[in-house]
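Chemist: The following file, model14.csv, comprises CSV, C-alpha atoms:
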chain,number,residue,atom,x,y,z
A,21,MET,CA,0.0,0.0,0.0
A,22,GLU,CA,1.4,3.4,-1.0
A,23,LEU,CA,1.7,6.2,1.6
A,24,HIS,CA,-1.1,8.3,-0.1
A,25,ASP,CA,-3.4,5.3,0.3
A,26,VAL,CA,-2.4,5.0,4.0
A,27,TRP,CA,-3.2,8.7,4.5
A,28,PHE,CA,-6.5,8.4,2.8
A,29,VAL,CA,-7.4,5.7,5.3
A,30,LEU,CA,-6.0,7.7,8.3
A,31,ILE,CA,-8.1,10.8,7.2
A,32,ALA,CA,-11.1,8.5,7.0
A,33,VAL,CA,-10.4,7.3,10.5
A,34,LEU,CA,-10.0,10.9,11.8
A,35,TRP,CA,-13.4,12.0,10.3
A,36,THR,CA,-15.0,8.8,11.6
A,37,GLY,CA,-13.7,9.6,15.1
A,38,TYR,CA,-14.9,13.2,14.8
A,39,PHE,CA,-18.4,12.2,13.8
A,40,PHE,CA,-18.6,9.5,16.5
A,41,LEU,CA,-17.5,11.9,19.3
A,42,GLU,CA,-18.8,15.3,18.1
A,43,GLY,CA,-21.9,13.5,16.9
A,44,PHE,CA,-23.3,12.8,20.4
A,45,ASP,CA,-22.4,16.3,21.7
A,46,PHE,CA,-24.2,17.9,18.7
A,47,GLY,CA,-27.1,15.6,19.6
A,48,VAL,CA,-27.0,16.7,23.2
A,49,GLY,CA,-27.0,20.4,22.2
A,50,ILE,CA,-30.1,19.7,20.0
A,51,LEU,CA,-31.8,18.0,22.9
A,52,THR,CA,-31.5,21.1,25.1
A,53,ARG,CA,-34.6,22.2,23.3
A,54,LEU,CA,-36.2,18.9,22.4
A,55,LEU,CA,-35.8,17.1,25.7
A,56,ALA,CA,-35.1,19.5,28.6
A,57,ARG,CA,-38.2,21.0,30.2
A,58,ASP,CA,-36.5,23.6,32.3
A,59,ARG,CA,-33.2,25.3,33.1
A,60,PRO,CA,-31.9,22.7,35.6
A,61,GLU,CA,-32.5,19.9,33.0
A,62,ARG,CA,-30.7,22.0,30.4
A,63,ARG,CA,-27.9,22.4,32.9
A,64,VAL,CA,-27.8,18.6,33.3
A,65,LEU,CA,-27.6,18.1,29.5
A,66,ILE,CA,-24.8,20.7,29.1
A,67,ASN,CA,-22.9,19.1,32.0
A,68,THR,CA,-22.9,15.7,30.4
A,69,ILE,CA,-20.7,17.0,27.6
A,70,GLY,CA,-19.1,20.0,29.4
A,71,PRO,CA,-15.8,18.2,30.1
A,72,VAL,CA,-15.4,16.6,26.7
A,73,TRP,CA,-16.9,18.7,23.9
A,74,ASP,CA,-13.8,20.7,23.2
A,75,GLY,CA,-11.6,17.6,23.2
A,76,ASN,CA,-14.0,16.1,20.6
A,77,GLU,CA,-13.3,19.0,18.3
A,78,VAL,CA,-9.6,18.1,18.3
A,79,TRP,CA,-10.5,15.4,15.8
A,80,LEU,CA,-11.8,18.0,13.4
A,81,LEU,CA,-8.7,20.1,13.6
A,82,THR,CA,-6.5,17.0,13.1
A,83,ALA,CA,-8.6,15.8,10.1
A,84,GLY,CA,-8.5,19.3,8.5
A,85,GLY,CA,-4.7,19.6,9.1
A,86,ALA,CA,-4.0,16.1,7.8
A,87,THR,CA,-6.0,16.8,4.7
A,88,PHE,CA,-4.1,20.1,4.1
A,89,ALA,CA,-0.7,18.4,4.6
A,90,ALA,CA,-1.4,15.0,2.8
A,91,PHE,CA,-3.7,16.1,0.0
A,92,PRO,CA,-3.2,19.9,-0.6
A,93,GLU,CA,-5.1,19.8,-3.9
A,94,TRP,CA,-8.1,18.2,-2.2
A,95,TYR,CA,-8.0,20.7,0.6
A,96,ALA,CA,-7.7,23.7,-1.8
A,97,THR,CA,-10.6,22.6,-4.0
A,98,LEU,CA,-12.8,21.5,-1.1
A,99,PHE,CA,-12.4,24.7,1.0
A,100,SER,CA,-12.7,27.0,-2.0
A,101,GLY,CA,-15.7,25.3,-3.5
A,102,PHE,CA,-17.5,24.7,-0.2
A,103,TYR,CA,-16.4,28.0,1.2
A,104,LEU,CA,-19.8,29.3,2.4
A,105,PRO,CA,-21.1,26.1,4.1
A,106,LEU,CA,-17.8,25.4,5.7
A,107,LEU,CA,-17.6,29.0,6.9
A,108,LEU,CA,-21.0,28.7,8.4
A,109,ILE,CA,-19.9,25.5,10.2
A,110,LEU,CA,-16.8,27.3,11.5
A,111,VAL,CA,-18.9,30.3,12.8
A,112,CYS,CA,-21.3,27.9,14.5
A,113,LEU,CA,-18.4,26.0,16.2
A,114,ILE,CA,-17.0,29.3,17.4
A,115,LEU,CA,-20.3,30.6,18.8
A,116,ARG,CA,-21.0,27.2,20.3
A,117,GLY,CA,-17.8,27.3,22.3
A,118,VAL,CA,-18.5,30.8,23.4
A,119,ALA,CA,-22.0,29.8,24.4
A,120,PHE,CA,-20.7,27.0,26.6
A,121,GLU,CA,-18.3,29.3,28.4
A,122,TYR,CA,-20.3,32.5,28.7
A,123,ARG,CA,-23.8,31.1,29.5
A,124,ALA,CA,-23.3,31.1,33.2
A,125,LYS,CA,-21.2,34.2,33.5
A,126,ARG,CA,-24.2,36.4,34.3
A,127,PRO,CA,-27.4,35.5,36.3
A,128,GLU,CA,-29.9,37.3,34.1
A,129,GLU,CA,-32.5,34.9,32.6
A,130,THR,CA,-32.5,36.6,29.2
A,131,TRP,CA,-28.7,36.3,29.0
A,132,GLN,CA,-28.7,32.6,29.8
A,133,ARG,CA,-31.7,31.9,27.5
A,134,ASN,CA,-30.0,33.5,24.6
A,135,TRP,CA,-26.8,31.5,25.0
A,136,GLU,CA,-28.9,28.3,25.4
A,137,THR,CA,-30.7,29.1,22.1
A,138,ALA,CA,-27.3,29.6,20.6
A,139,ILE,CA,-26.2,26.1,21.8
A,140,PHE,CA,-29.2,24.6,20.1
A,141,TRP,CA,-28.8,26.3,16.7
A,142,THR,CA,-25.0,25.9,16.6
A,143,SER,CA,-25.4,22.2,17.2
A,144,LEU,CA,-28.2,21.7,14.8
A,145,LEU,CA,-26.8,23.5,11.8
A,146,PRO,CA,-23.3,21.8,11.7
A,147,ALA,CA,-25.0,18.4,12.3
A,148,PHE,CA,-27.0,19.1,9.1
A,149,LEU,CA,-24.3,20.8,7.0
A,150,TRP,CA,-21.6,18.1,7.6
A,151,GLY,CA,-24.0,15.6,5.9
A,152,VAL,CA,-24.6,18.0,3.0
A,153,ALA,CA,-20.8,18.5,2.6
A,154,PHE,CA,-19.8,14.8,2.6
A,155,ALA,CA,-22.7,13.8,0.4
A,156,ASN,CA,-21.5,16.2,-2.2
A,157,ILE,CA,-17.9,14.9,-1.9
A,158,VAL,CA,-19.1,11.4,-2.5
A,159,ARG,CA,-21.5,12.3,-5.3
A,160,GLY,CA,-19.1,14.5,-7.0
A,161,VAL,CA,-19.1,18.2,-7.9
A,162,LYS,CA,-18.3,20.4,-10.9
A,163,ILE,CA,-14.4,20.4,-11.1
A,164,ASP,CA,-12.7,21.6,-14.2
A,165,GLN,CA,-9.4,20.5,-15.8
A,166,HIS,CA,-7.5,22.8,-13.4
A,167,PHE,CA,-9.0,20.9,-10.4
A,168,GLU,CA,-11.0,24.0,-9.5
A,169,TYR,CA,-14.6,24.0,-8.4
A,170,VAL,CA,-16.7,25.8,-11.0
A,171,GLY,CA,-20.2,25.2,-9.6
A,172,SER,CA,-22.3,27.4,-7.3
A,173,VAL,CA,-23.6,27.1,-3.8
A,174,GLY,CA,-27.0,26.1,-5.2
A,175,ASP,CA,-25.4,23.1,-6.9
A,176,LEU,CA,-24.5,21.8,-3.4
A,177,LEU,CA,-28.1,21.8,-2.4
A,178,ASN,CA,-29.2,18.9,-4.5
A,179,PRO,CA,-31.6,16.2,-3.3
A,180,TYR,CA,-28.9,13.6,-2.5
A,181,ALA,CA,-26.9,16.1,-0.4
A,182,LEU,CA,-30.0,17.4,1.4
A,183,LEU,CA,-30.9,13.8,2.3
A,184,GLY,CA,-27.4,13.3,3.5
A,185,GLY,CA,-27.8,16.3,5.8
A,186,LEU,CA,-31.0,14.8,7.2
A,187,VAL,CA,-29.2,11.6,7.9
A,188,THR,CA,-26.4,13.2,9.9
A,189,LEU,CA,-28.9,15.4,11.7
A,190,SER,CA,-31.2,12.6,12.8
A,191,LEU,CA,-28.3,10.1,13.4
A,192,PHE,CA,-26.4,12.6,15.7
A,193,THR,CA,-29.6,13.4,17.5
A,194,PHE,CA,-30.2,9.7,18.1
A,195,HIS,CA,-26.6,9.3,19.2
A,196,GLY,CA,-27.0,12.2,21.6
A,197,ALA,CA,-30.3,10.8,23.0
A,198,VAL,CA,-28.8,7.4,23.9
A,199,PHE,CA,-25.7,9.2,25.3
A,200,THR,CA,-28.0,11.3,27.5
A,201,ALA,CA,-29.8,8.1,28.7
A,202,LEU,CA,-26.4,6.6,29.5
A,203,LYS,CA,-25.2,9.7,31.4
A,204,THR,CA,-28.2,10.7,33.4
A,205,VAL,CA,-30.5,9.5,36.2
A,206,GLY,CA,-34.2,10.0,37.0
A,207,ASP,CA,-37.0,11.2,34.8
A,208,ILE,CA,-34.7,12.8,32.2
A,209,ARG,CA,-33.0,9.4,31.6
A,210,THR,CA,-36.4,7.8,30.9
A,211,ARG,CA,-37.5,10.5,28.6
A,212,ALA,CA,-34.2,10.4,26.7
A,213,ARG,CA,-34.7,6.7,26.1
A,214,ASN,CA,-38.2,7.3,24.9
A,215,LEU,CA,-37.2,10.1,22.6
A,216,ALA,CA,-34.3,7.9,21.2
A,217,ARG,CA,-36.8,5.3,20.2
A,218,TRP,CA,-38.7,7.7,17.9
A,219,VAL,CA,-35.7,9.5,16.6
A,220,GLY,CA,-34.0,6.2,15.9
A,221,LEU,CA,-37.0,5.1,13.8
A,222,VAL,CA,-36.8,8.3,11.7
A,223,THR,CA,-33.0,7.8,11.4
A,224,ALA,CA,-33.5,4.2,10.2
A,225,VAL,CA,-35.8,5.4,7.3
A,226,VAL,CA,-33.7,8.3,6.0
A,227,ALA,CA,-30.3,6.5,6.6
A,228,LEU,CA,-31.4,3.4,4.7
A,229,ALA,CA,-32.6,5.5,1.8
A,230,PHE,CA,-29.4,7.5,1.6
A,231,LEU,CA,-27.1,4.4,2.0
A,232,LEU,CA,-29.0,2.5,-0.7
A,233,TRP,CA,-28.8,5.5,-3.0
A,234,THR,CA,-25.0,5.7,-2.4
A,235,GLN,CA,-24.6,2.0,-3.0
A,236,ALA,CA,-26.5,2.2,-6.2
A,237,ASP,CA,-24.5,5.2,-7.5
A,238,SER,CA,-20.9,4.4,-6.5
A,239,GLY,CA,-20.8,1.4,-4.3
A,240,ASP,CA,-19.0,-1.9,-4.6
A,241,GLY,CA,-18.7,-5.1,-2.5
A,242,LYS,CA,-16.8,-3.5,0.3
A,243,SER,CA,-19.2,-0.6,0.7
A,244,LEU,CA,-22.1,-3.1,0.6
A,245,VAL,CA,-20.6,-4.9,3.6
A,246,ALA,CA,-20.3,-1.5,5.5
A,247,LEU,CA,-24.0,-0.7,4.6
A,248,VAL,CA,-25.1,-4.0,6.0
A,249,VAL,CA,-23.1,-3.5,9.2
A,250,ALA,CA,-24.6,0.0,9.6
A,251,VAL,CA,-28.2,-1.2,9.2
A,252,ILE,CA,-27.7,-4.1,11.6
A,253,ALA,CA,-26.0,-1.9,14.2
A,254,LEU,CA,-28.7,0.7,14.1
A,255,ALA,CA,-31.4,-2.0,14.5
A,256,ALA,CA,-29.5,-3.5,17.4
A,257,ALA,CA,-29.0,0.0,19.0
A,258,LEU,CA,-32.8,0.5,18.8
A,259,ALA,CA,-33.4,-2.9,20.4
A,260,ALA,CA,-30.8,-2.2,23.2
A,261,ASN,CA,-32.4,1.2,23.9
A,262,HIS,CA,-35.9,-0.5,24.1
A,263,ILE,CA,-34.8,-2.8,26.9
A,264,GLY,CA,-32.9,-0.1,28.7
A,265,ARG,CA,-29.3,-1.2,27.9
A,266,GLU,CA,-28.0,2.3,27.4
A,267,GLY,CA,-24.3,1.3,27.2
A,268,TRP,CA,-24.9,-1.2,24.4
A,269,SER,CA,-27.2,1.2,22.6
A,270,PHE,CA,-24.6,4.0,22.7
A,271,ALA,CA,-21.9,1.7,21.5
A,272,LEU,CA,-24.1,0.3,18.7
A,273,SER,CA,-25.2,3.8,17.6
A,274,GLY,CA,-21.5,4.6,17.4
A,275,VAL,CA,-20.9,1.5,15.3
A,276,THR,CA,-23.6,2.8,13.0
A,277,ILE,CA,-21.8,6.0,12.5
A,278,VAL,CA,-18.5,4.3,12.0
A,279,ALA,CA,-19.9,1.9,9.4
A,280,ALA,CA,-21.8,4.7,7.5
A,281,VAL,CA,-18.8,6.9,7.3
A,282,ALA,CA,-16.6,3.9,6.2
A,283,MET,CA,-19.2,3.2,3.5
A,284,LEU,CA,-18.8,6.8,2.2
A,285,PHE,CA,-15.1,6.6,2.0
A,286,LEU,CA,-15.1,3.1,0.5
A,287,SER,CA,-17.5,4.4,-2.2
A,288,LEU,CA,-15.2,7.4,-2.8
A,289,PHE,CA,-11.8,5.6,-3.1
A,290,PRO,CA,-9.6,6.0,-5.1
A,291,ASN,CA,-11.1,9.4,-5.7
A,292,VAL,CA,-11.0,12.1,-3.1
A,293,MET,CA,-13.3,14.5,-5.0
A,294,PRO,CA,-15.0,13.2,-8.2
A,295,SER,CA,-15.7,15.6,-11.0
A,296,THR,CA,-19.2,15.5,-12.5
A,297,LEU,CA,-17.9,17.3,-15.7
A,298,ASP,CA,-15.3,14.7,-16.7
A,299,GLY,CA,-14.1,11.7,-14.8
A,300,GLY,CA,-10.5,12.5,-15.9
A,301,TRP,CA,-10.7,15.8,-14.0
A,302,SER,CA,-11.4,14.1,-10.7
A,303,LEU,CA,-9.1,14.5,-7.7
A,304,THR,CA,-7.6,11.2,-6.7
A,305,VAL,CA,-5.3,9.9,-4.0
A,306,THR,CA,-2.6,10.1,-6.6
A,307,ASN,CA,-2.9,13.5,-8.2
A,308,ALA,CA,-4.0,15.3,-5.1
A,309,SER,CA,-1.4,14.1,-2.7
A,310,SER,CA,1.8,15.6,-1.3
A,311,SER,CA,5.3,14.3,-2.1
A,312,PRO,CA,6.3,10.9,-0.7
A,313,TYR,CA,8.9,12.6,1.6
A,314,THR,CA,6.2,14.8,3.2
A,315,LEU,CA,3.9,11.8,3.7
A,316,LYS,CA,6.8,9.9,5.3
A,317,ILE,CA,7.5,12.7,7.8
A,318,MET,CA,3.8,13.0,8.6
A,319,THR,CA,3.6,9.2,9.2
A,320,TRP,CA,6.3,9.3,11.8
A,321,CYS,CA,4.7,12.3,13.6
A,322,ALA,CA,1.3,10.6,13.6
A,323,ALA,CA,2.8,7.4,15.0
A,324,VAL,CA,4.2,9.4,18.0
A,325,ALA,CA,1.4,11.9,18.7
A,326,THR,CA,-1.7,9.8,18.1
A,327,PRO,CA,-1.3,7.3,21.1
A,328,ILE,CA,-0.7,10.3,23.4
A,329,VAL,CA,-3.9,12.0,22.3
A,330,LEU,CA,-6.0,8.8,22.5
A,331,LEU,CA,-4.7,8.1,26.0
A,332,TYR,CA,-5.4,11.6,27.2
A,333,GLN,CA,-8.9,11.7,25.8
A,334,GLY,CA,-9.7,8.2,27.1
A,335,TRP,CA,-8.6,9.3,30.6
A,336,THR,CA,-10.9,12.3,30.4
A,337,TYR,CA,-13.9,10.1,29.6
A,338,TRP,CA,-13.0,7.8,32.5
A,339,VAL,CA,-12.7,10.6,35.0
A,340,PHE,CA,-16.1,12.0,34.0
A,341,ARG,CA,-17.9,8.6,33.6
A,342,LYS,CA,-20.5,9.0,36.4
A,343,ARG,CA,-24.2,9.7,35.7
A,344,ILE,CA,-25.7,13.0,36.8
A,345,GLY,CA,-29.2,14.3,37.4
A,346,THR,CA,-31.0,17.5,38.5
A,347,GLN,CA,-30.2,16.6,42.1
A,348,HIS,CA,-26.6,17.1,41.4
A,349,ILE,CA,-27.2,20.7,40.2
A,350,ALA,CA,-26.6,23.2,43.1
A,351,PRO,CA,-29.5,25.5,43.8
A,352,ASP,CA,-27.7,28.6,42.7
A,353,ALA,CA,-26.6,26.9,39.5
A,354,ALA,CA,-30.2,25.8,38.8
A,355,ALA,CA,-31.2,29.4,39.2
A,356,GLY,CA,-28.5,30.4,36.8
A,357,ALA,CA,-26.0,32.1,39.0
A,358,ALA,CA,-23.2,29.5,38.8
A,359,HIS,CA,-21.2,27.8,36.1
Written as structure tokens, that's how I'd like the structure from this file.
Modeler:
Amino acid sequence: MELHDVWFVLIAVLWTGYFFLEGFDFGVGILTRLLARDRPERRVLINTIGPVWDGNEVWLLTAGGATFAAFPEWYATLFSGFYLPLLLILVCLILRGVAFEYRAKRPEETWQRNWETAIFWTSLLPAFLWGVAFANIVRGVKIDQHFEYVGSVGDLLNPYALLGGLVTLSLFTFHGAVFTALKTVGDIRTRARNLARWVGLVTAVVALAFLLWTQADSGDGKSLVALVVAVIALAAALAANHIGREGWSFALSGVTIVAAVAMLFLSLFPNVMPSTLDGGWSLTVTNASSSPYTLKIMTWCAAVATPIVLLYQGWTYWVFRKRIGTQHIAPDAAAGAAH
């Protein structure tokens, strides 16, 4: 296997890790409006992801940096062609981080309500737009002979891409609901499990339609295996949620995300960004990659840094593994005066 193939796989792993981890905290952010009934319950939901949300975003930074270094042509075409949606995602992520940090800085109800609204919208919009972006990458876009995107923003809003956005939005919401059930106690845990049941059914319908469409357009035997794994894992996650096995349900919803993202990358390879104008103008792992020497240096750096990051992030999840409920929210925090 050539180094550019290795780095295609590593980038796929980084995006998979990002969607697995950031997926549930996007879902929890969405649930602050769909599930929480009052401010203490919203505080509980925010506290379930408070220690980990910023660490989850490290995967996005690493995936973007790895794409820039390993496949500069891919990075340039992607970020110039998808400039507006990616800028909107970036603005949402910035505002989301500010909302988490500033929400409890002042006790006024209006202040806190506005930041809570920001958390909801800056979780929902990226959850949808990431699906739109990746669906367009797999489907292909208008790339000319100079490897430049020559389409418009409207071209990105095609039916396949919009369906992809609905898939990531519903799947992340389901992932967040089972994570909430896993991390909470009391009535909010029960309601999270009930909500996960209905969101999971919607997810199953839209995800199956999208994955079958992808398989029909660009799939092969390997992507078909990933599709089957995703479908079985989602069905098993729903079953585990139904019988109250939150840990299994969360793990299986994670497997669904992993298998679905794997299917997209398997359908894409050896392209990294197909051209709908002419197949010969597509960006591939060969013509979009950096030099072998650059990839070799990156491989050594990744071999040293990756285990350290994984150990640290795993330790963080272990430290904050306990369930919480409204009884763990101090009275002044419930009233909005504390962090």
Chemist: With only C-alpha atoms as the atoms that count, which of A:Leu284, A:Val173, A:Ala224, A:Val324 lies nearest to Leu254 (chain A)?
Modeler: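 Distance minimum relative to Leu254 (chain A) lands on A:Ala224.
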Chemist: Report, in Å with one decimal, the straight-line distance from CA of Leu221 (chain A) to CA of Ala155 (chain A).
Modeler: 21.4 Å
Chemist: Measuring between only C-alpha atoms, which one of A:Val339, A:Val48, A:Ala322, A:Ala86 shows the shortest distance to Thr193 (chain A)?
Modeler: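 Looking at the shortest contact to Thr193 (chain A), the residue is A:Val48.
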Chemist: Find the residues around region 88-104 of chain A up to 8 Å (all atoms listed in the file counted), leave out those fewer than 5 positions away in its own chain, and share them as a PDB file with C-alpha atoms, in the coordinates of the input.
Modeler:
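Heads up, here's the output in out_18.pdb:
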ATOM      1  CA  HIS A  24      -1.100   8.300  -0.100  1.00  0.00           C
ATOM      2  CA  TRP A  27      -3.200   8.700   4.500  1.00  0.00           C
ATOM      3  CA  ALA A 153     -20.800  18.500   2.600  1.00  0.00           C
ATOM      4  CA  PHE A 167      -9.000  20.900 -10.400  1.00  0.00           C
ATOM      5  CA  GLU A 168     -11.000  24.000  -9.500  1.00  0.00           C
ATOM      6  CA  TYR A 169     -14.600  24.000  -8.400  1.00  0.00           C
ATOM      7  CA  VAL A 170     -16.700  25.800 -11.000  1.00  0.00           C
ATOM      8  CA  GLY A 171     -20.200  25.200  -9.600  1.00  0.00           C
ATOM      9  CA  SER A 172     -22.300  27.400  -7.300  1.00  0.00           C
ATOM     10  CA  VAL A 173     -23.600  27.100  -3.800  1.00  0.00           C
ATOM     11  CA  VAL A 292     -11.000  12.100  -3.100  1.00  0.00           C
ATOM     12  CA  MET A 293     -13.300  14.500  -5.000  1.00  0.00           C
ATOM     13  CA  LEU A 303      -9.100  14.500  -7.700  1.00  0.00           C
ATOM     14  CA  VAL A 305      -5.300   9.900  -4.000  1.00  0.00           C
ATOM     15  CA  ASN A 307      -2.900  13.500  -8.200  1.00  0.00           C
ATOM     16  CA  ALA A 308      -4.000  15.300  -5.100  1.00  0.00           C
ATOM     17  CA  SER A 309      -1.400  14.100  -2.700  1.00  0.00           C
ATOM     18  CA  SER A 310       1.800  15.600  -1.300  1.00  0.00           C
ATOM     19  CA  THR A 314       6.200  14.800   3.200  1.00  0.00           C
ATOM     20  CA  LEU A 315       3.900  11.800   3.700  1.00  0.00           C
TER      21      LEU A 315
END
Chemist: In Å, rounded to a single decimal, give me how far CA of Ser295 (chain A) is from CA of Ser311 (chain A).
Modeler: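 Computed distance, CA of Ser311 (chain A) to CA of Ser295 (chain A), equals 22.8 Å.
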Chemist: Which residues are close to Ala255 (chain A), i.e. within 9 Å by all atoms listed in the file, leaving aside same-chain residues fewer than 3 positions away? Reply as a VMD selection string.
Modeler: chain A and resid 220 224 250 to 252 258 to 260 272
Chemist: With a distance cut-off of 10 Å and all atoms listed in the file, select the neighbouring residues of Val78 (chain A), excluding the residue or stretch itself and same-chain residues fewer than 5 positions from it, and output the selection as a PyMOL selection string.
Modeler: chain A and resi 34+37-38+42+73+83-84+329+333
